[in-house]
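*Asks:* Sharing target.cif (mmCIF, C-alpha atoms) below.
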data_target
loop_
_atom_site.label_atom_id
_atom_site.label_comp_id
_atom_site.auth_asym_id
_atom_site.auth_seq_id
_atom_site.Cartn_x
_atom_site.Cartn_y
_atom_site.Cartn_z
CA MET S 181 -28.63 34.70 59.14
CA THR S 182 -30.94 32.73 56.84
CA TYR S 183 -29.71 31.36 53.53
CA GLN S 184 -31.99 33.88 51.77
CA ALA S 185 -30.48 36.78 53.66
CA GLU S 186 -26.98 35.42 53.14
CA ALA S 187 -27.62 35.09 49.39
CA SER S 188 -28.97 38.65 49.18
CA ALA S 189 -25.88 39.96 50.91
CA LEU S 190 -23.76 38.60 48.03
CA VAL S 191 -24.91 41.60 45.95
CA PRO S 192 -23.43 44.68 47.63
CA GLY S 193 -25.98 47.47 47.58
CA LEU S 194 -28.98 45.17 47.27
CA THR S 195 -29.62 44.60 50.95
CA GLU S 196 -32.65 46.33 52.39
CA ASP S 197 -30.58 48.78 54.39
CA SER S 198 -28.37 49.88 51.53
CA LEU S 199 -31.00 49.86 48.79
CA ALA S 200 -32.33 53.22 49.94
CA ALA S 201 -28.92 54.71 49.31
CA SER S 202 -28.72 53.18 45.83
CA ASN S 203 -30.39 54.49 42.72
CA ASN S 204 -30.33 54.22 38.96
CA ALA S 205 -27.42 56.62 38.64
CA ALA S 206 -25.26 54.83 41.19
CA TRP S 207 -25.88 51.38 39.73
CA THR S 208 -25.38 52.65 36.16
CA ALA S 209 -22.03 54.14 37.12
CA ARG S 210 -20.96 50.78 38.56
CA TYR S 211 -22.28 49.01 35.44
CA ASP S 212 -20.28 51.28 33.15
CA GLN S 213 -17.12 50.57 35.12
CA SER S 214 -17.46 46.81 35.28
CA LEU S 215 -19.27 45.48 32.20
CA MET S 216 -18.18 45.43 28.57
CA ASN S 217 -19.82 48.19 26.59
CA THR S 218 -21.70 45.90 24.21
CA PHE S 219 -25.13 47.34 24.95
CA GLY S 220 -24.34 50.94 25.89
CA SER S 221 -25.43 52.34 29.23
CA PRO S 222 -28.61 50.70 30.54
CA GLN S 223 -31.84 52.70 30.28
CA ARG S 224 -32.70 51.87 33.89
CA VAL S 225 -31.54 49.47 36.60
CA LEU S 226 -34.43 47.14 37.45
CA VAL S 227 -34.65 45.60 40.88
CA ARG S 228 -37.89 43.60 40.87
CA GLY S 229 -40.89 42.60 38.79
CA GLU S 230 -44.40 41.30 39.26
CA GLY S 231 -46.73 40.30 36.44
CA CYS S 232 -46.48 42.87 33.65
CA TYR S 233 -44.77 45.49 35.84
CA VAL S 234 -41.15 46.11 36.89
CA TRP S 235 -39.61 48.57 39.34
CA ASP S 236 -36.32 50.41 39.00
CA ALA S 237 -33.70 51.28 41.59
CA ASP S 238 -35.37 54.63 42.20
CA GLY S 239 -38.61 52.85 43.10
CA ARG S 240 -40.47 53.81 39.93
CA ARG S 241 -42.92 51.39 38.30
CA TYR S 242 -43.07 50.58 34.55
CA LEU S 243 -45.51 48.61 32.42
CA ASP S 244 -43.25 46.17 30.60
CA LEU S 245 -44.36 46.11 26.95
CA LEU S 246 -41.14 44.47 25.78
CA GLY S 247 -41.10 41.39 28.01
CA GLY S 248 -37.33 41.07 28.11
CA LEU S 249 -37.27 41.09 24.29
CA ALA S 250 -40.16 38.64 23.88
CA VAL S 251 -38.76 36.37 26.58
CA ASN S 252 -40.95 36.88 29.67
CA SER S 253 -43.96 35.06 28.30
CA LEU S 254 -45.55 34.72 31.76
CA GLY S 255 -44.46 38.13 32.97
CA HIS S 256 -42.30 38.57 36.05
CA ALA S 257 -42.14 36.29 39.09
CA HIS S 258 -44.98 34.06 37.88
CA PRO S 259 -45.76 31.75 40.83
CA LEU S 260 -45.93 28.59 38.70
CA LEU S 261 -42.59 29.28 37.01
CA VAL S 262 -40.96 30.17 40.32
CA SER S 263 -42.30 26.99 41.90
CA ALA S 264 -41.24 24.77 39.00
CA VAL S 265 -37.69 26.11 38.90
CA THR S 266 -37.28 26.12 42.68
CA ALA S 267 -38.61 22.61 43.10
CA GLN S 268 -36.44 21.22 40.33
CA LEU S 269 -33.29 22.97 41.54
CA ALA S 270 -33.93 21.58 44.99
CA THR S 271 -34.24 18.11 43.52
CA LEU S 272 -31.77 17.79 40.65
CA GLY S 273 -30.12 20.83 39.10
CA HIS S 274 -27.67 19.64 36.49
CA VAL S 275 -26.53 16.25 35.30
CA SER S 276 -24.53 16.86 32.04
CA ASN S 277 -25.66 15.25 28.84
CA PHE S 278 -24.02 11.95 29.73
CA PHE S 279 -27.29 11.43 31.59
CA ALA S 280 -30.94 12.13 30.88
CA SER S 281 -33.58 13.68 33.11
CA ALA S 282 -37.34 13.32 33.19
CA PRO S 283 -38.09 17.04 32.61
CA GLN S 284 -35.84 17.02 29.54
CA VAL S 285 -37.67 14.07 27.98
CA ALA S 286 -41.11 15.42 28.91
CA LEU S 287 -40.39 18.84 27.38
CA ALA S 288 -39.10 17.29 24.14
CA GLU S 289 -42.25 15.18 23.86
CA ARG S 290 -44.44 18.21 24.57
CA LEU S 291 -42.76 20.35 21.91
CA LEU S 292 -43.12 17.61 19.32
CA ASP S 293 -46.77 17.24 20.25
CA LEU S 294 -47.37 20.96 19.81
CA LEU S 295 -46.08 20.82 16.25
CA GLY S 296 -49.22 18.89 15.32
CA PRO S 297 -50.27 15.50 13.98
CA THR S 298 -48.48 15.80 10.62
CA ALA S 299 -45.22 16.45 12.42
CA SER S 300 -45.91 13.43 14.58
CA VAL S 301 -46.32 11.22 11.51
CA LEU S 302 -43.00 12.49 10.16
CA GLY S 303 -41.28 11.76 13.45
CA GLY S 304 -39.14 14.30 15.23
CA ARG S 305 -36.32 14.82 17.68
CA VAL S 306 -35.27 17.79 19.80
CA PHE S 307 -31.83 19.22 20.54
CA PHE S 308 -31.94 21.57 23.53
CA THR S 309 -29.76 24.67 23.70
CA ASN S 310 -29.27 27.68 25.98
CA SER S 311 -30.40 30.33 23.52
CA GLY S 312 -31.82 31.12 20.12
CA THR S 313 -28.50 31.64 18.40
CA GLU S 314 -27.37 28.20 19.58
CA ALA S 315 -30.57 26.65 18.27
CA ASN S 316 -29.82 28.16 14.86
CA GLU S 317 -26.21 26.97 15.07
CA ALA S 318 -27.55 23.45 15.47
CA ALA S 319 -29.88 23.95 12.51
CA PHE S 320 -26.94 25.22 10.44
CA LYS S 321 -24.96 22.10 11.25
CA ILE S 322 -27.96 19.92 10.38
CA ALA S 323 -28.00 21.64 6.99
CA ARG S 324 -24.30 20.89 6.45
CA ARG S 325 -24.93 17.22 7.24
CA THR S 326 -27.03 16.95 4.09
CA GLY S 327 -23.75 17.02 2.18
CA ARG S 328 -24.68 20.30 0.54
CA THR S 329 -23.07 23.59 1.57
CA LYS S 330 -25.23 26.27 -0.03
CA VAL S 331 -27.75 28.07 2.21
CA VAL S 332 -30.33 30.72 1.37
CA ALA S 333 -31.60 33.26 3.90
CA ALA S 334 -33.57 36.51 3.77
CA GLU S 335 -32.35 40.08 3.70
CA ASN S 336 -32.97 41.83 7.03
CA GLY S 337 -33.45 38.47 8.71
CA PHE S 338 -31.92 37.93 12.15
CA HIS S 339 -30.81 34.53 13.39
CA GLY S 340 -28.29 35.38 16.11
CA ARG S 341 -24.86 36.80 16.81
CA SER S 342 -22.65 33.73 17.18
CA MET S 343 -20.47 33.23 14.13
CA GLY S 344 -22.56 30.58 12.36
CA ALA S 345 -25.92 32.19 13.09
CA LEU S 346 -24.42 35.57 12.21
CA ALA S 347 -23.51 34.22 8.78
CA LEU S 348 -27.26 33.61 8.23
CA THR S 349 -28.24 37.08 9.42
CA GLY S 350 -29.23 39.37 6.57
CA LYS S 351 -28.21 42.64 8.19
CA PRO S 352 -24.83 43.70 6.77
CA ALA S 353 -24.17 46.27 9.49
CA ILE S 354 -23.92 43.61 12.19
CA ARG S 355 -22.53 40.81 10.00
CA GLU S 356 -19.77 42.40 7.96
CA PRO S 357 -17.50 43.58 10.84
CA PHE S 358 -16.93 39.92 11.74
CA GLU S 359 -16.30 38.46 8.31
CA PRO S 360 -15.04 36.05 7.15
CA LEU S 361 -17.91 33.94 8.42
CA PRO S 362 -19.01 30.46 7.36
CA GLY S 363 -19.60 30.83 3.63
CA GLY S 364 -22.08 29.70 1.06
CA VAL S 365 -24.95 31.89 2.26
CA THR S 366 -27.04 33.74 -0.33
CA PHE S 367 -29.49 36.45 0.73
CA VAL S 368 -32.75 37.14 -1.09
CA PRO S 369 -35.39 39.83 -0.55
CA PHE S 370 -37.83 38.75 2.17
CA GLY S 371 -41.24 37.88 0.75
CA ASP S 372 -40.11 37.69 -2.89
CA VAL S 373 -41.14 34.23 -4.10
CA GLU S 374 -39.48 34.60 -7.49
CA ALA S 375 -36.16 35.57 -5.95
CA LEU S 376 -36.33 32.62 -3.59
CA ALA S 377 -37.15 30.21 -6.40
CA ALA S 378 -34.24 31.55 -8.45
CA ALA S 379 -31.78 31.17 -5.57
CA VAL S 380 -32.70 27.66 -4.45
CA ASP S 381 -31.53 24.69 -6.50
CA GLY S 382 -30.42 21.10 -6.12
CA ASP S 383 -27.21 22.21 -4.39
CA THR S 384 -29.01 24.15 -1.65
CA ALA S 385 -28.82 22.55 1.76
CA ALA S 386 -31.36 24.74 3.54
CA VAL S 387 -33.49 27.85 3.47
CA PHE S 388 -33.71 29.83 6.73
CA LEU S 389 -36.76 32.08 7.18
CA GLU S 390 -38.68 33.81 9.98
CA PRO S 391 -42.50 33.97 9.89
CA VAL S 392 -42.17 37.55 11.16
CA GLN S 393 -38.87 39.39 10.93
CA GLY S 394 -38.77 40.70 14.48
CA GLU S 395 -35.38 42.41 14.50
CA GLY S 396 -35.96 43.49 10.91
CA GLY S 397 -38.73 45.81 12.08
CA VAL S 398 -41.61 43.42 12.86
CA VAL S 399 -42.28 42.54 9.24
CA PRO S 400 -44.60 39.54 8.66
CA ALA S 401 -44.04 37.24 5.70
CA PRO S 402 -46.60 37.99 2.97
CA ALA S 403 -49.52 35.57 2.77
CA GLY S 404 -48.49 32.48 0.85
CA TYR S 405 -44.75 33.13 1.10
CA LEU S 406 -43.95 30.35 3.55
CA GLU S 407 -46.18 27.97 1.60
CA ALA S 408 -44.26 28.84 -1.58
CA ALA S 409 -40.98 28.34 0.29
CA ARG S 410 -42.18 24.89 1.34
CA GLU S 411 -43.02 23.99 -2.27
CA ILE S 412 -39.67 25.26 -3.57
CA THR S 413 -37.64 23.41 -0.94
CA GLU S 414 -39.57 20.18 -1.43
CA ARG S 415 -39.01 20.35 -5.17
CA THR S 416 -35.24 20.74 -4.76
CA GLY S 417 -34.73 18.43 -1.78
CA THR S 418 -33.77 21.37 0.40
CA LEU S 419 -34.41 21.64 4.13
CA LEU S 420 -36.79 24.39 5.19
CA VAL S 421 -35.71 25.86 8.54
CA ILE S 422 -38.26 28.12 10.25
CA ASP S 423 -36.77 30.39 12.88
CA GLU S 424 -39.42 30.80 15.58
CA ILE S 425 -37.01 32.16 18.18
CA GLN S 426 -39.08 35.31 18.65
CA THR S 427 -42.43 34.25 17.17
CA GLY S 428 -42.92 30.84 18.77
CA ILE S 429 -44.52 29.67 22.03
CA GLY S 430 -47.67 31.72 21.55
CA ARG S 431 -46.17 35.10 20.77
CA CYS S 432 -48.24 35.47 17.58
CA GLY S 433 -51.40 33.75 18.86
CA ASP S 434 -50.52 30.20 17.83
CA TRP S 435 -47.98 27.87 19.39
CA PHE S 436 -45.86 28.44 16.28
CA ALA S 437 -46.41 31.31 13.84
CA HIS S 438 -45.75 29.14 10.78
CA SER S 439 -48.63 26.79 11.63
CA ALA S 440 -51.11 29.47 10.54
CA GLU S 441 -49.70 29.01 7.03
CA GLY S 442 -50.47 25.28 7.04
CA ILE S 443 -46.92 24.14 6.38
CA VAL S 444 -44.67 21.58 8.06
CA PRO S 445 -40.98 22.64 8.01
CA ASP S 446 -38.02 20.30 8.31
CA VAL S 447 -36.51 22.19 11.23
CA VAL S 448 -38.05 24.62 13.74
CA THR S 449 -35.95 26.64 16.17
CA VAL S 450 -37.40 28.18 19.35
CA ALA S 451 -36.03 29.96 22.42
CA LYS S 452 -36.97 33.31 24.06
CA GLY S 453 -40.51 32.64 25.37
CA LEU S 454 -39.92 28.94 25.99
CA GLY S 455 -38.24 29.41 29.35
CA GLY S 456 -40.19 32.49 30.43
CA GLY S 457 -36.91 34.12 31.46
CA PHE S 458 -34.91 30.99 32.15
CA PRO S 459 -32.33 30.32 29.38
CA ILE S 460 -33.41 27.50 27.10
CA GLY S 461 -33.81 27.01 23.36
CA ALA S 462 -34.52 24.10 21.08
CA CYS S 463 -33.76 22.94 17.56
CA ILE S 464 -36.51 20.57 16.47
CA GLY S 465 -35.86 18.32 13.48
CA LEU S 466 -38.65 16.54 11.63
CA GLY S 467 -38.43 13.68 9.13
CA ARG S 468 -34.91 13.15 7.81
CA ALA S 469 -33.70 16.30 9.58
CA ALA S 470 -34.35 14.60 12.93
CA ASP S 471 -31.50 12.13 12.39
CA LEU S 472 -28.80 14.14 10.63
CA LEU S 473 -26.95 14.93 13.86
CA GLY S 474 -25.58 11.76 15.43
CA PRO S 475 -23.36 11.10 18.45
CA GLY S 476 -20.36 13.41 18.48
CA ALA S 477 -21.72 15.71 15.76
CA HIS S 478 -22.88 18.41 18.16
CA GLY S 479 -23.18 19.11 21.86
CA THR S 480 -23.97 21.50 24.69
CA THR S 481 -23.04 21.63 28.36
CA PHE S 482 -26.11 23.29 29.83
CA GLY S 483 -28.74 22.87 27.11
CA GLY S 484 -31.91 21.25 28.37
CA ASN S 485 -30.73 20.71 31.90
CA PRO S 486 -33.47 19.69 34.36
CA VAL S 487 -34.09 23.19 35.70
CA ALA S 488 -34.36 24.78 32.26
CA ALA S 489 -36.61 21.97 31.07
CA ALA S 490 -38.83 22.38 34.14
CA ALA S 491 -39.14 26.07 33.31
CA GLY S 492 -40.17 25.22 29.76
CA LEU S 493 -42.79 22.74 30.95
CA ALA S 494 -44.22 25.33 33.35
CA VAL S 495 -44.48 27.92 30.58
CA LEU S 496 -46.22 25.56 28.15
CA HIS S 497 -48.60 24.41 30.86
CA ALA S 498 -49.52 27.97 31.86
CA VAL S 499 -50.04 29.08 28.26
CA GLU S 500 -52.48 26.21 27.73
CA ARG S 501 -54.16 26.27 31.16
CA ASP S 502 -54.77 30.02 31.16
CA GLY S 503 -55.90 30.33 27.54
CA LEU S 504 -53.03 32.66 26.70
CA LEU S 505 -53.13 31.96 22.96
CA GLU S 506 -56.62 33.43 22.82
CA ASN S 507 -55.53 36.26 25.11
CA VAL S 508 -52.67 37.08 22.75
CA ARG S 509 -55.03 37.24 19.80
CA THR S 510 -57.59 39.37 21.68
CA VAL S 511 -55.24 41.85 23.32
CA GLY S 512 -53.04 42.04 20.23
CA ALA S 513 -56.03 42.89 18.02
CA HIS S 514 -57.18 45.48 20.57
CA LEU S 515 -53.77 47.15 20.63
CA ARG S 516 -53.55 47.23 16.86
CA ALA S 517 -57.06 48.64 16.37
CA GLU S 518 -56.78 51.25 19.09
CA VAL S 519 -53.34 52.50 18.02
CA LEU S 520 -54.72 53.04 14.52
CA ALA S 521 -57.92 54.58 15.93
CA LEU S 522 -55.84 57.28 17.64
CA GLY S 523 -55.42 58.86 14.22
CA HIS S 524 -52.16 60.39 15.38
CA PRO S 525 -50.26 61.93 12.45
CA LEU S 526 -47.04 60.23 13.51
CA VAL S 527 -48.55 56.74 13.23
CA LYS S 528 -48.39 55.30 9.70
CA GLY S 529 -49.53 51.81 10.55
CA VAL S 530 -49.16 48.75 12.76
CA ARG S 531 -47.41 45.58 11.61
CA GLY S 532 -47.07 42.14 13.14
CA ARG S 533 -49.25 39.44 14.66
CA GLY S 534 -50.60 38.73 18.13
CA LEU S 535 -48.44 40.41 20.74
CA LEU S 536 -45.49 41.01 18.44
CA LEU S 537 -46.37 44.39 17.00
CA GLY S 538 -44.48 47.20 15.31
CA ILE S 539 -45.92 50.70 15.35
CA GLU S 540 -44.68 52.26 12.12
CA LEU S 541 -43.90 55.95 12.49
CA ALA S 542 -43.97 58.60 9.81
CA ALA S 543 -40.52 59.84 10.82
CA PRO S 544 -37.33 58.21 12.15
CA VAL S 545 -38.07 59.15 15.76
CA ALA S 546 -38.56 55.76 17.40
CA ALA S 547 -35.58 56.27 19.72
CA GLN S 548 -37.01 59.56 20.95
CA ALA S 549 -40.40 57.94 21.43
CA LEU S 550 -38.76 55.17 23.46
CA GLY S 551 -37.29 57.77 25.78
CA GLU S 552 -40.60 59.57 26.16
CA ALA S 553 -42.39 56.27 26.82
CA LEU S 554 -39.86 55.33 29.48
CA GLY S 555 -40.33 58.67 31.14
CA ALA S 556 -44.08 58.05 31.16
CA GLY S 557 -43.66 54.61 32.73
CA PHE S 558 -43.72 52.27 29.71
CA ILE S 559 -40.96 49.99 28.39
CA VAL S 560 -40.97 49.67 24.59
CA ASN S 561 -38.26 49.15 21.98
CA ALA S 562 -37.06 51.19 19.01
CA VAL S 563 -36.35 48.22 16.75
CA THR S 564 -35.70 50.41 13.69
CA PRO S 565 -35.46 54.20 13.42
CA ASP S 566 -39.13 54.42 12.47
CA THR S 567 -40.63 51.44 14.30
CA ILE S 568 -41.64 50.97 17.94
CA ARG S 569 -41.71 47.28 18.86
CA LEU S 570 -44.16 45.85 21.39
CA ALA S 571 -43.58 42.31 22.69
CA PRO S 572 -45.22 42.28 26.13
CA PRO S 573 -45.83 39.27 28.36
CA LEU S 574 -48.55 37.01 26.97
CA ILE S 575 -50.54 37.69 30.15
CA LEU S 576 -51.03 41.38 29.30
CA ASP S 577 -54.71 42.22 29.67
CA THR S 578 -56.85 44.80 27.90
CA ALA S 579 -56.89 47.19 30.83
CA GLN S 580 -53.09 47.22 30.94
CA ALA S 581 -52.97 47.75 27.18
CA ASP S 582 -55.32 50.69 27.66
CA GLU S 583 -52.87 52.31 30.09
CA PHE S 584 -50.39 52.52 27.21
CA LEU S 585 -53.01 53.56 24.68
CA ALA S 586 -54.09 56.44 26.91
CA ALA S 587 -50.52 57.66 27.23
CA LEU S 588 -49.40 57.11 23.63
CA PRO S 589 -50.71 60.38 22.10
CA ALA S 590 -48.79 62.47 24.62
CA ILE S 591 -45.69 60.31 24.09
CA LEU S 592 -45.84 60.91 20.34
CA ASP S 593 -46.68 64.61 20.76
CA ALA S 594 -43.64 65.02 22.97
CA VAL S 595 -41.30 63.61 20.33
CA GLY S 596 -41.84 66.83 18.47
CA THR S 597 -39.66 66.02 15.48
CA ALA S 598 -42.24 64.75 13.02
CA PRO S 599 -42.15 66.46 9.63
CA LYS S 600 -44.34 69.54 9.50
CA GLU S 601 -46.47 68.14 6.70
CA ILE S 602 -47.71 65.29 8.86
CA ARG S 603 -48.30 67.20 12.08
#
Any chance you could put this one into structure tokens?
*Replies:*
Amino acid sequence: MTYQAEASALVPGLTEDSLAASNNAAWTARYDQSLMNTFGSPQRVLVRGEGCYVWDADGRRYLDLLGGLAVNSLGHAHPLLVSAVTAQLATLGHVSNFFASAPQVALAERLLDLLGPTASVLGGRVFFTNSGTEANEAAFKIARRTGRTKVVAAENGFHGRSMGALALTGKPAIREPFEPLPGGVTFVPFGDVEALAAAVDGDTAAVFLEPVQGEGGVVPAPAGYLEAAREITERTGTLLVIDEIQTGIGRCGDWFAHSAEGIVPDVVTVAKGLGGGFPIGACIGLGRAADLLGPGAHGTTFGGNPVAAAAGLAVLHAVERDGLLENVRTVGAHLRAEVLALGHPLVKGVRGRGLLLGIELAAPVAAQALGEALGAGFIVNAVTPDTIRLAPPLILDTAQADEFLAALPAILDAVGTAPKEIR
């Protein structure tokens, strides 16, 4: 038996002989018996992927328009990513942070370079993590190292589910069941410059904002809002932390969504698309924020290990080599225009930037639409009751987008619960 065959046999039911006897229902039943019910029953059990498509345990193909929640930036089984991870794991897989590795250093340098020349003048340093919530935990601790304890964040913002990041998350329904959380956090309406100015003063350690509130319903910051936030925080000596966990690494058509606003934050957090499916995140400090965490102040066991860093380097290289930023802008604009051009009475509008889009519905039927889309062979997300979120791989092409556009009217028609006055 080869090592590959031996490894496959470690998953009962996944061998070629037994796969035919398995299906979504069988795997889901096993899932429900063996995993904590934190996500509910899975919509499908996926067994393989290629490019923008995945296949379930019944052998059915889906166009993945969610990309693992904005994670699979290069789609599924991208040859470059597979090669980078495989080669690195075969060379040096993990070393602990008592030691450094070349991929770790190279990825940190690359991320700093992507933040632009002004960031380079300010100087910067990277702390690698395993996820977005851990990146924001690091940013939270950087804020506390200013000696101030007050933090301002936005209503409906989402920064993670670990206890510190949860304290910054402006969605009471997911925050309040776990209180008390780290204190001193004030929430202000997203996009309201006056409210932000009133909340931030000389005692404020940091302001946490997203360029686009992804989990809040794909809501972009109004034009000028981030620039105003930069001015307010500079005036009060407050750190400006921009959460690019979902929007960064090309998702919105630029390496970082905030760069389109012409600002330079003090801290930028990224994750999701950075590893293309391999767990890695980063908290990037610029200027004084780069040096507020010293030895012993913070740590991670797996963050930035050689394999994860190799994955990040492969993703950044592919995005640049294959012109994916331009592709994101082109395909994203096409999707937006064509969804609106459908003139379907259930579509109120399209929000977002690049390939992070929210189709706003005229009724709270996004969950039903998700089910209809899945049945038609498309994976989307009901991010709010009246918003369908699209966050496909950055490699999605126009022809693949058109597959969804052709099916969307029937998907919306099938929902059948729109108010009579709009049908």
*Asks:* So which residues are close to (-35.7, 38.4, 5.0), meaning at most 12 Å away in the file's coordinates with all atoms listed in the file counted, and can you show them as an MDAnalysis selection string?
*Replies:* chainID S and resid 332:339 348:351 366:373 375:376 387:402 405:406 422:423
*Asks:* When the PyMOL selection byres ((chain S and resi 528) around 9) is applied to the file above, which residues end up in the set, as a ChimeraX atom specification?
*Replies:* /S:520,524-527,529-530,539-542
*Asks:* Could you write out as a VMD selection string the residues that the PyMOL selection byres ((chain S and resi 278-287) around 6) matches in the shown file?
*Replies:* chain S and resid 276 to 277 288 to 290 484 486 489 to 490 493
*Asks:* Just how far from atom CA of Pro445 of chain S is atom CA of Ile425 of chain S, in Å to one decimal?
*Replies:*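 Between atom CA of Ile425 of chain S and atom CA of Pro445 of chain S the gap is 14.5 Å.
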*Asks:* Please provide as a list in words all residues within 8 Å of Arg431 of chain S, with the sequence filter that same-chain residues fewer than 2 positions apart are discarded (counting only C-alpha atoms).
*Replies:*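 Once the nearby chain positions are removed, what remains is Ala250, Ser253, Gln426, Thr427, Gly428, Ile429, Gly433, Asp434, Trp435, Ala437, Gly453, Leu505, Val508, Gly534, Leu535, Leu536, Ala571 and Leu574 of chain S.
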*Asks:* Excluding segment 231-244 of chain S and any residue of its chain fewer than 4 positions from it, enumerate the residues within 8 Å of it, using all atoms listed in the file, and give them as number ranges by chain.
*Replies:* S: 199, 202-204, 224-227, 254-258, 554, 557-560, 572-573, 575-576, 580
*Asks:* Determine the residue set returned by the PyMOL selection byres ((chain S and resi 274) around 9) for the present structure, and present it as a PyMOL selection string.
*Replies:* chain S and resi 269+272-273+275-276+482+485-487
*Asks:* Mind giving me the straight-line distance from atom CA of Ala345 of chain S to atom CA of Val365 of chain S in Å, one decimal?
*Replies:* 10.9 Å
*Asks:* Please compute the atom CA of Asn507 of chain S-atom CA of Ile464 of chain S distance, one decimal, in Å.
*Replies:*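 Straight-line distance from atom CA of Asn507 of chain S to atom CA of Ile464 of chain S works out to 26.1 Å.
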